[in-house]
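**Student:** PDB, C-alpha atoms and all ligand atoms, saved as my_file22.pdb, coming up:
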MODEL        1
ATOM      1  CA  PRO A   1     129.520 219.031 141.957
ATOM      2  CA  GLN A   2     126.469 221.236 141.686
ATOM      3  CA  HIS A   3     124.228 218.576 140.153
ATOM      4  CA  ASP A   4     121.379 216.697 141.897
ATOM      5  CA  GLN A   5     121.244 219.036 144.904
ATOM      6  CA  THR A   6     117.664 218.866 146.123
ATOM      7  CA  LEU A   7     116.304 222.345 145.600
ATOM      8  CA  PHE A   8     113.904 223.879 148.110
ATOM      9  CA  GLU A   9     111.909 226.862 146.804
ATOM     10  CA  GLU A  10     112.086 229.784 149.193
ATOM     11  CA  ARG A  11     108.434 230.727 148.647
ATOM     12  CA  TYR A  12     107.299 227.405 150.237
ATOM     13  CA  LEU A  13     109.684 227.658 153.212
ATOM     14  CA  ARG A  14     107.557 228.915 156.151
ATOM     15  CA  TYR A  15     109.567 230.301 159.099
ATOM     16  CA  ILE A  16     108.454 228.969 162.513
ATOM     17  CA  SER A  17     111.106 229.769 165.153
ATOM     18  CA  PRO A  18     114.844 230.199 165.789
ATOM     19  CA  LEU A  19     116.835 227.083 166.777
ATOM     20  CA  GLY A  20     120.258 228.557 167.480
ATOM     21  CA  LYS A  21     123.279 230.487 166.331
ATOM     22  CA  GLY A  22     126.593 229.136 165.053
ATOM     23  CA  ASN A  23     129.814 230.840 164.040
ATOM     24  CA  PHE A  24     128.563 230.852 160.423
ATOM     25  CA  GLY A  25     124.990 232.183 160.790
ATOM     26  CA  SER A  26     121.815 230.845 162.354
ATOM     27  CA  VAL A  27     119.574 227.785 162.169
ATOM     28  CA  GLU A  28     115.798 228.200 162.013
ATOM     29  CA  LEU A  29     112.896 225.779 162.325
ATOM     30  CA  CYS A  30     110.772 226.009 159.160
ATOM     31  CA  ARG A  31     107.998 224.050 157.515
ATOM     32  CA  TYR A  32     108.475 223.255 153.820
ATOM     33  CA  ASP A  33     104.846 223.528 152.782
ATOM     34  CA  PRO A  34     104.393 223.612 148.971
ATOM     35  CA  LEU A  35     100.692 222.681 149.329
ATOM     36  CA  GLY A  36     100.185 225.562 151.743
ATOM     37  CA  ASP A  37      98.011 223.436 154.037
ATOM     38  CA  ASN A  38     100.497 222.825 156.898
ATOM     39  CA  THR A  39     100.991 219.221 155.825
ATOM     40  CA  GLY A  40     104.594 219.938 154.796
ATOM     41  CA  GLU A  41     107.574 218.586 156.744
ATOM     42  CA  LEU A  42     109.489 220.425 159.443
ATOM     43  CA  VAL A  43     113.090 221.226 158.467
ATOM     44  CA  ALA A  44     116.098 222.954 160.050
ATOM     45  CA  VAL A  45     117.342 225.710 157.772
ATOM     46  CA  LYS A  46     120.948 226.861 158.229
ATOM     47  CA  LYS A  47     121.072 230.451 156.990
ATOM     48  CA  LEU A  48     124.403 231.891 156.018
ATOM     49  CA  GLN A  49     124.926 234.984 158.150
ATOM     50  CA  SER A  50     126.590 237.216 155.592
ATOM     51  CA  ASN A  51     127.213 236.801 151.898
ATOM     52  CA  LYS A  52     130.946 237.288 152.527
ATOM     53  CA  GLN A  53     132.620 235.405 149.677
ATOM     54  CA  SER A  54     134.700 233.302 152.140
ATOM     55  CA  ASN A  55     131.583 232.264 154.040
ATOM     56  CA  LEU A  56     129.883 231.313 150.789
ATOM     57  CA  GLU A  57     132.847 229.114 149.821
ATOM     58  CA  ASP A  58     132.946 227.501 153.275
ATOM     59  CA  PHE A  59     129.211 226.987 153.036
ATOM     60  CA  GLN A  60     129.518 225.347 149.619
ATOM     61  CA  LYS A  61     132.238 223.101 151.093
ATOM     62  CA  GLU A  62     129.901 222.135 153.952
ATOM     63  CA  VAL A  63     127.173 221.316 151.418
ATOM     64  CA  ASN A  64     129.605 219.135 149.476
ATOM     65  CA  THR A  65     130.711 217.453 152.718
ATOM     66  CA  LEU A  66     127.161 216.786 153.893
ATOM     67  CA  HIS A  67     125.972 215.713 150.454
ATOM     68  CA  VAL A  68     127.914 212.456 150.535
ATOM     69  CA  LEU A  69     127.177 211.528 154.162
ATOM     70  CA  HIS A  70     124.538 208.817 154.532
ATOM     71  CA  CYS A  71     124.578 207.338 158.020
ATOM     72  CA  ASP A  72     121.940 206.779 160.712
ATOM     73  CA  TYR A  73     124.198 208.538 163.217
ATOM     74  CA  ILE A  74     124.801 211.673 161.152
ATOM     75  CA  VAL A  75     122.238 214.445 160.758
ATOM     76  CA  LYS A  76     120.655 214.244 157.298
ATOM     77  CA  TYR A  77     121.251 217.011 154.807
ATOM     78  CA  LYS A  78     118.151 217.518 152.640
ATOM     79  CA  GLY A  79     119.179 220.155 150.134
ATOM     80  CA  VAL A  80     119.674 223.840 149.516
ATOM     81  CA  CYS A  81     117.479 226.900 149.154
ATOM     82  CA  TYR A  82     118.694 229.819 147.082
ATOM     83  CA  SER A  83     117.253 233.282 147.738
ATOM     84  CA  MET A  84     117.871 236.702 146.244
ATOM     85  CA  GLY A  85     118.696 235.118 142.911
ATOM     86  CA  ARG A  86     121.569 232.777 143.639
ATOM     87  CA  LEU A  87     123.219 235.388 145.820
ATOM     88  CA  SER A  88     122.572 233.824 149.198
ATOM     89  CA  MET A  89     121.950 230.168 149.999
ATOM     90  CA  SER A  90     120.665 228.187 152.928
ATOM     91  CA  LEU A  91     121.283 224.568 153.949
ATOM     92  CA  VAL A  92     118.143 222.489 154.516
ATOM     93  CA  MET A  93     118.656 219.770 157.133
ATOM     94  CA  GLU A  94     116.372 217.243 158.803
ATOM     95  CA  TYR A  95     114.869 218.676 161.985
ATOM     96  CA  LEU A  96     115.629 216.726 165.166
ATOM     97  CA  PRO A  97     112.880 217.530 167.662
ATOM     98  CA  TYR A  98     114.795 216.783 170.873
ATOM     99  CA  GLY A  99     117.471 219.375 170.144
ATOM    100  CA  SER A 100     121.126 219.308 171.175
ATOM    101  CA  LEU A 101     122.497 216.701 173.561
ATOM    102  CA  ILE A 102     123.516 219.406 176.063
ATOM    103  CA  GLY A 103     119.969 220.606 176.698
ATOM    104  CA  TYR A 104     118.569 217.075 176.585
ATOM    105  CA  LEU A 105     120.937 215.666 179.224
ATOM    106  CA  GLU A 106     120.522 218.684 181.515
ATOM    107  CA  LYS A 107     116.725 218.451 181.306
ATOM    108  CA  ASN A 108     116.408 214.665 181.643
ATOM    109  CA  LYS A 109     119.348 213.824 183.913
ATOM    110  CA  ASP A 110     117.076 212.169 186.488
ATOM    111  CA  ASN A 111     115.684 209.550 184.114
ATOM    112  CA  ILE A 112     118.686 208.753 181.905
ATOM    113  CA  ASN A 113     120.516 205.649 183.087
ATOM    114  CA  THR A 114     124.077 204.516 182.366
ATOM    115  CA  ARG A 115     122.891 202.156 179.641
ATOM    116  CA  ARG A 116     121.277 204.967 177.642
ATOM    117  CA  MET A 117     124.358 207.177 178.044
ATOM    118  CA  LEU A 118     126.554 204.309 176.823
ATOM    119  CA  LEU A 119     124.115 203.770 173.925
ATOM    120  CA  PHE A 120     124.499 207.433 172.904
ATOM    121  CA  ALA A 121     128.293 207.119 173.189
ATOM    122  CA  SER A 122     128.328 203.990 170.991
ATOM    123  CA  GLN A 123     126.182 205.748 168.342
ATOM    124  CA  ILE A 124     128.597 208.694 168.245
ATOM    125  CA  CYS A 125     131.421 206.148 167.830
ATOM    126  CA  LYS A 126     129.616 204.542 164.886
ATOM    127  CA  GLY A 127     128.998 207.924 163.280
ATOM    128  CA  MET A 128     132.670 208.795 163.677
ATOM    129  CA  GLU A 129     133.749 205.396 162.291
ATOM    130  CA  TYR A 130     131.632 206.140 159.213
ATOM    131  CA  LEU A 131     133.102 209.659 158.868
ATOM    132  CA  GLN A 132     136.618 208.250 159.134
ATOM    133  CA  SER A 133     135.875 205.620 156.481
ATOM    134  CA  LEU A 134     135.477 208.634 154.149
ATOM    135  CA  ARG A 135     138.721 210.176 155.471
ATOM    136  CA  TYR A 136     136.825 213.003 157.157
ATOM    137  CA  VAL A 137     138.078 214.738 160.301
ATOM    138  CA  HIS A 138     135.220 216.441 162.143
ATOM    139  CA  ARG A 139     137.400 218.832 164.220
ATOM    140  CA  ASP A 140     134.464 220.085 166.305
ATOM    141  CA  LEU A 141     133.210 216.973 168.102
ATOM    142  CA  ALA A 142     131.479 218.268 171.257
ATOM    143  CA  ALA A 143     128.176 217.598 173.029
ATOM    144  CA  ARG A 144     126.860 220.930 171.658
ATOM    145  CA  ASN A 145     127.232 219.435 168.157
ATOM    146  CA  ILE A 146     125.354 216.216 168.875
ATOM    147  CA  LEU A 147     121.608 216.226 168.210
ATOM    148  CA  VAL A 148     118.979 213.994 169.812
ATOM    149  CA  ALA A 149     116.620 212.359 167.284
ATOM    150  CA  SER A 150     114.689 210.283 169.840
ATOM    151  CA  GLU A 151     115.010 208.866 173.363
ATOM    152  CA  THR A 152     117.299 206.203 171.917
ATOM    153  CA  LEU A 153     119.069 207.898 168.988
ATOM    154  CA  VAL A 154     121.616 210.691 168.715
ATOM    155  CA  LYS A 155     123.307 212.070 165.588
ATOM    156  CA  ILE A 156     126.506 213.957 164.871
ATOM    157  CA  ALA A 157     125.870 217.385 163.346
ATOM    158  CA  ASP A 158     127.562 220.662 162.433
ATOM    159  CA  PHE A 159     130.200 219.861 159.818
ATOM    160  CA  GLY A 160     131.349 223.451 159.487
ATOM    161  CA  LEU A 161     134.930 222.633 160.498
ATOM    162  CA  THR A 162     135.127 219.195 158.837
ATOM    163  CA  LYS A 163     138.127 218.559 156.603
ATOM    164  CA  VAL A 164     139.063 215.705 154.284
ATOM    165  CA  ILE A 165     142.520 214.220 154.907
ATOM    166  CA  PRO A 166     144.604 214.086 151.706
ATOM    167  CA  HIS A 167     145.335 210.542 150.530
ATOM    168  CA  ASN A 168     149.073 210.827 151.020
ATOM    169  CA  LYS A 169     148.839 211.918 154.689
ATOM    170  CA  ASP A 170     147.077 210.777 157.854
ATOM    171  CA  TYR A 171     146.507 214.247 159.269
ATOM    172  CA  TYR A 172     145.281 217.684 158.233
ATOM    173  CA  ARG A 173     147.128 220.876 159.098
ATOM    174  CA  VAL A 174     144.945 223.943 159.515
ATOM    175  CA  THR A 175     146.442 227.268 158.498
ATOM    176  CA  GLN A 176     143.984 229.830 159.834
ATOM    177  CA  PRO A 177     142.617 228.415 163.143
ATOM    178  CA  GLY A 178     139.587 230.688 163.581
ATOM    179  CA  GLU A 179     137.351 230.552 166.661
ATOM    180  CA  SER A 180     138.893 227.351 168.059
ATOM    181  CA  PRO A 181     137.191 225.128 170.634
ATOM    182  CA  ILE A 182     140.612 224.493 172.260
ATOM    183  CA  PHE A 183     139.181 222.807 175.388
ATOM    184  CA  TRP A 184     138.053 219.936 173.130
ATOM    185  CA  TYR A 185     141.370 219.919 171.218
ATOM    186  CA  ALA A 186     144.116 217.295 171.404
ATOM    187  CA  PRO A 187     147.581 218.627 172.415
ATOM    188  CA  GLU A 188     148.942 218.384 168.831
ATOM    189  CA  SER A 189     145.935 220.338 167.563
ATOM    190  CA  ILE A 190     146.596 223.095 170.109
ATOM    191  CA  THR A 191     150.330 223.377 169.499
ATOM    192  CA  GLU A 192     150.699 222.389 165.817
ATOM    193  CA  SER A 193     147.156 222.825 164.389
ATOM    194  CA  ARG A 194     147.456 219.145 163.479
ATOM    195  CA  PHE A 195     144.124 217.343 163.087
ATOM    196  CA  SER A 196     143.634 213.637 162.479
ATOM    197  CA  GLN A 197     141.286 210.770 163.264
ATOM    198  CA  LYS A 198     143.176 210.485 166.553
ATOM    199  CA  SER A 199     142.520 214.129 167.448
ATOM    200  CA  ASP A 200     138.812 213.440 166.912
ATOM    201  CA  VAL A 201     139.252 210.506 169.341
ATOM    202  CA  TRP A 202     140.619 212.929 171.960
ATOM    203  CA  SER A 203     137.536 215.152 171.466
ATOM    204  CA  PHE A 204     135.323 212.066 171.790
ATOM    205  CA  GLY A 205     136.888 211.500 175.237
ATOM    206  CA  VAL A 206     135.817 215.048 176.159
ATOM    207  CA  VAL A 207     132.291 214.277 174.842
ATOM    208  CA  LEU A 208     132.239 211.166 177.087
ATOM    209  CA  HIS A 209     133.160 213.438 179.999
ATOM    210  CA  GLU A 210     130.325 215.824 179.068
ATOM    211  CA  ILE A 211     127.806 212.961 178.776
ATOM    212  CA  PHE A 212     128.720 211.463 182.159
ATOM    213  CA  SER A 213     128.625 214.937 183.692
ATOM    214  CA  TYR A 214     125.095 215.297 182.233
ATOM    215  CA  CYS A 215     126.470 218.404 180.495
ATOM    216  CA  ASP A 216     126.200 220.153 183.849
ATOM    217  CA  ILE A 217     127.554 223.691 183.351
ATOM    218  CA  LYS A 218     129.445 223.349 186.687
ATOM    219  CA  TYR A 219     131.595 220.580 185.139
ATOM    220  CA  ASN A 220     131.919 222.073 181.650
ATOM    221  CA  PRO A 221     135.401 221.231 180.260
ATOM    222  CA  LYS A 222     136.292 224.903 179.721
ATOM    223  CA  ARG A 223     135.353 225.709 183.330
ATOM    224  CA  LEU A 224     137.328 222.771 184.781
ATOM    225  CA  TYR A 225     140.436 223.601 182.722
ATOM    226  CA  MET A 226     140.226 227.316 183.568
ATOM    227  CA  GLN A 227     139.914 226.506 187.290
ATOM    228  CA  GLU A 228     143.147 224.512 186.997
ATOM    229  CA  ILE A 229     144.928 227.108 184.835
ATOM    230  CA  GLY A 230     143.781 229.964 187.033
ATOM    231  CA  HIS A 231     141.523 232.729 185.771
ATOM    232  CA  ASN A 232     144.069 235.465 186.204
ATOM    233  CA  VAL A 233     146.555 234.256 183.584
ATOM    234  CA  LEU A 234     147.940 237.319 181.902
ATOM    235  CA  GLY A 235     150.047 237.696 178.763
ATOM    236  CA  THR A 236     150.797 234.143 177.613
ATOM    237  CA  SER A 237     147.812 232.742 175.763
ATOM    238  CA  ILE A 238     145.421 230.279 177.368
ATOM    239  CA  SER A 239     146.365 227.642 174.804
ATOM    240  CA  VAL A 240     150.014 227.695 175.978
ATOM    241  CA  HIS A 241     148.862 227.105 179.580
ATOM    242  CA  LEU A 242     146.462 224.387 178.417
ATOM    243  CA  ALA A 243     149.159 222.643 176.340
ATOM    244  CA  ASN A 244     151.531 222.679 179.364
ATOM    245  CA  LEU A 245     148.799 221.338 181.650
ATOM    246  CA  LEU A 246     148.192 218.431 179.253
ATOM    247  CA  LYS A 247     151.924 217.856 178.764
ATOM    248  CA  GLY A 248     152.200 217.630 182.569
ATOM    249  CA  ASN A 249     149.584 214.881 182.358
ATOM    250  CA  TRP A 250     146.788 216.735 184.138
ATOM    251  CA  ARG A 251     143.425 215.509 182.799
ATOM    252  CA  LEU A 252     139.753 216.328 183.379
ATOM    253  CA  PRO A 253     138.724 214.624 186.672
ATOM    254  CA  GLN A 254     136.368 211.632 186.873
ATOM    255  CA  PRO A 255     132.783 212.969 186.814
ATOM    256  CA  SER A 256     131.014 212.396 190.163
ATOM    257  CA  ASN A 257     128.550 209.612 189.248
ATOM    258  CA  CYS A 258     130.612 208.191 186.383
ATOM    259  CA  PRO A 259     130.668 204.351 186.327
ATOM    260  CA  PRO A 260     134.216 203.192 187.315
ATOM    261  CA  LYS A 261     134.908 201.512 183.947
ATOM    262  CA  VAL A 262     134.008 204.583 181.823
ATOM    263  CA  TYR A 263     136.675 206.954 183.154
ATOM    264  CA  PRO A 264     139.547 204.691 181.955
ATOM    265  CA  LEU A 265     137.939 204.887 178.491
ATOM    266  CA  MET A 266     138.222 208.688 178.583
ATOM    267  CA  ARG A 267     141.841 208.375 179.709
ATOM    268  CA  GLN A 268     142.588 206.107 176.723
ATOM    269  CA  CYS A 269     141.277 208.867 174.425
ATOM    270  CA  TRP A 270     143.472 211.396 176.246
ATOM    271  CA  ALA A 271     146.828 209.656 175.688
ATOM    272  CA  HIS A 272     149.284 212.483 174.946
ATOM    273  CA  ASP A 273     150.834 210.455 172.126
ATOM    274  CA  PHE A 274     148.154 210.198 169.426
ATOM    275  CA  ASP A 275     149.498 206.768 168.340
ATOM    276  CA  GLU A 276     148.507 205.376 171.736
ATOM    277  CA  ARG A 277     144.889 206.545 171.437
ATOM    278  CA  PRO A 278     142.360 203.850 170.439
ATOM    279  CA  TYR A 279     140.465 203.793 167.140
ATOM    280  CA  PHE A 280     136.731 204.526 167.181
ATOM    281  CA  SER A 281     136.196 200.849 166.309
ATOM    282  CA  ASP A 282     138.064 199.796 169.494
ATOM    283  CA  LEU A 283     136.112 202.329 171.555
ATOM    284  CA  GLY A 284     132.843 201.136 170.021
ATOM    285  CA  ASN A 285     133.606 197.516 170.957
ATOM    286  CA  GLN A 286     134.562 198.407 174.533
ATOM    287  CA  ILE A 287     131.352 200.450 174.919
ATOM    288  CA  GLU A 288     129.169 197.673 173.421
ATOM    289  CA  THR A 289     130.661 195.273 176.005
ATOM    290  CA  MET A 290     129.838 197.714 178.801
ATOM    291  CA  ILE A 291     126.261 197.976 177.512
ATOM    292  CA  GLN A 292     125.970 194.151 177.672
ATOM    293  CA  ASP A 293     127.340 194.130 181.205
ATOM    294  CA  GLU A 294     124.855 196.856 182.191
ATOM    295  CA  ARG A 295     122.006 194.656 180.901
ATOM    296  CA  GLU A 296     122.907 191.708 183.117
TER     297      GLU A 296
HETATM  298  C1  LIG B   1     123.205 226.499 165.260
HETATM  299  C2  LIG B   1     122.317 225.329 165.647
HETATM  300  N1  LIG B   1     122.049 225.407 167.055
HETATM  301  C3  LIG B   1     121.007 224.669 167.596
HETATM  302  N2  LIG B   1     120.332 223.748 166.874
HETATM  303  C4  LIG B   1     119.307 223.060 167.502
HETATM  304  C5  LIG B   1     118.548 222.065 166.764
HETATM  305  C6  LIG B   1     117.430 221.433 167.272
HETATM  306  N3  LIG B   1     116.964 220.555 166.353
HETATM  307  C7  LIG B   1     117.762 220.608 165.263
HETATM  308  N4  LIG B   1     117.673 219.896 164.139
HETATM  309  C8  LIG B   1     118.593 220.111 163.185
HETATM  310  C9  LIG B   1     119.611 221.028 163.354
HETATM  311 CL1  LIG B   1     120.794 221.250 162.082
HETATM  312  C10 LIG B   1     119.736 221.791 164.498
HETATM  313  C11 LIG B   1     118.780 221.564 165.481
HETATM  314  N5  LIG B   1     118.985 223.253 168.801
HETATM  315  C12 LIG B   1     119.675 224.153 169.519
HETATM  316  C13 LIG B   1     120.700 224.873 168.942
HETATM  317  F1  LIG B   1     121.388 225.793 169.635
HETATM  318  C14 LIG B   1     123.067 224.048 165.283
HETATM  319  O1  LIG B   1     123.074 223.659 164.121
HETATM  320  N6  LIG B   1     123.766 223.491 166.278
HETATM  321  C15 LIG B   1     124.679 222.416 165.995
HETATM  322  C16 LIG B   1     123.961 221.093 166.125
HETATM  323  F2  LIG B   1     123.055 220.954 165.165
HETATM  324  F3  LIG B   1     124.860 220.121 166.054
HETATM  325  F4  LIG B   1     123.323 221.057 167.334
ENDMDL
END
Now that the file is in, can you turn its structure into structure tokens?

**Tutor:**
Amino acid sequence: PQHDQTLFEERYLRYISPLGKGNFGSVELCRYDPLGDNTGELVAVKKLQSNKQSNLEDFQKEVNTLHVLHCDYIVKYKGVCYSMGRLSMSLVMEYLPYGSLIGYLEKNKDNINTRRMLLFASQICKGMEYLQSLRYVHRDLAARNILVASETLVKIADFGLTKVIPHNKDYYRVTQPGESPIFWYAPESITESRFSQKSDVWSFGVVLHEIFSYCDIKYNPKRLYMQEIGHNVLGTSISVHLANLLKGNWRLPQPSNCPPKVYPLMRQCWAHDFDERPYFSDLGNQIETMIQDERE
């Protein structure tokens, strides 16, 4: 529905700096300053890259997705800004000053303890539990899509690939898999383009691996998988090799300074049979218990 979308007037949106690029367009830091005295709030503006009709439809879908999400662990959507008549539109989001989890962990690895990493993991779980309560499948859960709001709060962001599961099914089948983040994909997503709450759980296991590797580029999932697959694979697609590797029960190795009880959690998420993977509620409980144990 088009109604009650908070409208931001382009003439009051003051560009400050670029934040990053996505496969849809770019995100810029702006100040929405109707009074023109720099007292306005900072916002993250997601500009659609081209006015290609398909992009516009996808963008409108993302707006509709974001519009209904109200959760402390999900980045807040503020409204839209139309420019050039209603030809092109931008998404106005809350601005999270600490940026993406990848950069934050790399930069602060020396003063982030296990408890804080487990806290971040439990917040992502809660955000995913909320998403799933609305029958959403994120499909792009990765550390690059988690934002840091403060030293003790992270939020799930980037709902460009999010789909709603129809009421009569418990999975979503994607027809045109575009630029796919296959190294975060569950086996059934790779081979059958099948996405469900349990494929998001698999991706969460990969996010856990990224967190406890401090998002160190040396241990990036893609790099670790490609080392195992071999860089000189010719002909057959990477995803076939990856699917076989996972079928043969190879999994990402335990990160070097990963607490012994966290790796089994990742392995639970990486059960080949999606029915054996835990629910985000189970994962959340296990992580909360670990946080308690860390406190003692
Ligand atoms: C393309 C954009 N990339 C980036 N964004 C930000 C960012 C900082 N602070 C932010 N506050 C609100 C938003 Cl929406 C983004 C940022 N920082 C570095 C980036 F490379 C993006 O949206 N990335 C997906 C996700 F948001 F999940 F990180």

**Student:** The PyMOL selection byres (((chain A and resi 290) around 12) and not hetatm) on the file shown: which residues, as a compact mmCIF listing (two decimals) with C-alpha atoms, in the coordinates of the input?

**Tutor:**
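Result went into out-v3.txt, see below:
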# COMPACT_ATOMS: atom_id res chain seq x y z
CA THR A 114 124.08 204.52 182.37
CA ARG A 115 122.89 202.16 179.64
CA ARG A 116 121.28 204.97 177.64
CA MET A 117 124.36 207.18 178.04
CA LEU A 118 126.55 204.31 176.82
CA LEU A 119 124.12 203.77 173.92
CA ALA A 121 128.29 207.12 173.19
CA SER A 122 128.33 203.99 170.99
CA PRO A 259 130.67 204.35 186.33
CA PRO A 260 134.22 203.19 187.32
CA LYS A 261 134.91 201.51 183.95
CA VAL A 262 134.01 204.58 181.82
CA LEU A 265 137.94 204.89 178.49
CA LEU A 283 136.11 202.33 171.56
CA GLY A 284 132.84 201.14 170.02
CA ASN A 285 133.61 197.52 170.96
CA GLN A 286 134.56 198.41 174.53
CA ILE A 287 131.35 200.45 174.92
CA GLU A 288 129.17 197.67 173.42
CA THR A 289 130.66 195.27 176.00
CA ILE A 291 126.26 197.98 177.51
CA GLN A 292 125.97 194.15 177.67
CA ASP A 293 127.34 194.13 181.20
CA GLU A 294 124.86 196.86 182.19
CA ARG A 295 122.01 194.66 180.90
CA GLU A 296 122.91 191.71 183.12

**Student:** Applied to this file, what does the PyMOL selection byres (((chain A and resi 247) around 12) and not hetatm) return in terms of residues, put as an NGL selection string?

**Tutor:** :A and (186-188 or 190-191 or 239-246 or 248-251 or 270-273)

**Student:** One decimal, in Å: what's the spacing between atom N2 of ligand LIG 1 (chain B) and CA of Phe59 (chain A)?

**Tutor:**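 If I compute the distance from atom N2 of ligand LIG 1 (chain B) to CA of Phe59 (chain A), I get 16.8 Å.
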
**Student:** What lies within 6 Å of region 20-25 of chain A using all atoms listed in the file, ignoring chain neighbours under 2 positions off, as a ChimeraX atom specification?

**Tutor:** /A:18,27,47-49

**Student:** Taking only C-alpha atoms into account, which of A:Cys258, A:Val75, A:Ile146, A:Leu69 comes nearest Tyr214 (chain A)?

**Tutor:**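 Of A:Cys258, A:Val75, A:Ile146, A:Leu69, the one nearest Tyr214 (chain A) is A:Cys258, counting only C-alpha atoms.
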
**Student:** Residues within 6 Å of ligand LIG 1 (chain B) (all atoms listed in the file), as a PyMOL selection string?

**Tutor:** chain A and resi 19-22+26-27+44+93-97+99-100+144-147+157-158

**Student:** Mind telling me what the PyMOL selection byres (((chain A and resi 138) around 12) and not hetatm) catches here, as an NGL selection string?

**Tutor:** :A and (62 or 65-66 or 74 or 124 or 127-132 or 134-137 or 139-142 or 145-146 or 156-165 or 171-172 or 184-185 or 195-204)

**Student:** Using all atoms listed in the file, find the one residue out of A:Leu224, A:Leu56, A:Cys81, A:Ala143 that sits nearest to Leu105 (chain A).

**Tutor:**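 Closest residue, counting all atoms listed in the file: A:Ala143.
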
**Student:** Please determine, counting only C-alpha atoms, which residue among A:Asp37, A:Ile211, A:Met266, A:Asn220 has the shortest atom-to-atom distance to Pro278 (chain A).

**Tutor:**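 The answer is A:Met266, which sits nearest to Pro278 (chain A).
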
**Student:** Figure out the distance between CA of His209 (chain A) and CA of Pro255 (chain A), please, to one decimal in Å.

**Tutor:** 6.8 Å

**Student:** Using only C-alpha atoms for the distances, tell me which of A:Tyr225, A:Phe120, A:Glu57, A:Ile16 is nearest to Glu41 (chain A).

**Tutor:**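 Of all the options, A:Ile16 lies closest to Glu41 (chain A).
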
**Student:** Expressed in Å to a single decimal, how great is the separation between CA of Leu29 (chain A) and CA of Cys125 (chain A)?

**Tutor:**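 A separation of 27.5 Å between them.
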
**Student:** So, counting only C-alpha atoms, which residue among A:Leu208, A:Arg14, A:Leu252, A:Ser189 is closest to Glu228 (chain A)?

**Tutor:** A:Leu252

**Student:** Report as an mmCIF file with C-alpha atoms, in the frame of the given file all protein, DNA and RNA residues lying within 7 Å of Tyr98 (chain A), evaluated on all atoms listed in the file, omitting residues in the same chain fewer than 3 positions from it.

**Tutor:**
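Below is the file that was written, out.cif:
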data_model
loop_
_atom_site.group_PDB
_atom_site.id
_atom_site.type_symbol
_atom_site.label_atom_id
_atom_site.label_comp_id
_atom_site.auth_asym_id
_atom_site.auth_seq_id
_atom_site.Cartn_x
_atom_site.Cartn_y
_atom_site.Cartn_z
ATOM 1 C CA TYR A 104 118.569 217.075 176.585
ATOM 2 C CA VAL A 148 118.979 213.994 169.812
ATOM 3 C CA ALA A 149 116.620 212.359 167.284
ATOM 4 C CA SER A 150 114.689 210.283 169.840
#

**Student:** Tell me which of A:Gly36, A:Gly230, A:Gly235, A:Pro253 sits closest to Phe212 (chain A), counting only C-alpha atoms.

**Tutor:** A:Pro253

**Student:** Using only C-alpha atoms, what residues lie at most 7 Å away from (105.0, 226.5, 148.3) (file coordinates), given as a PyMOL selection string?

**Tutor:** chain A and resi 11-13+33-36
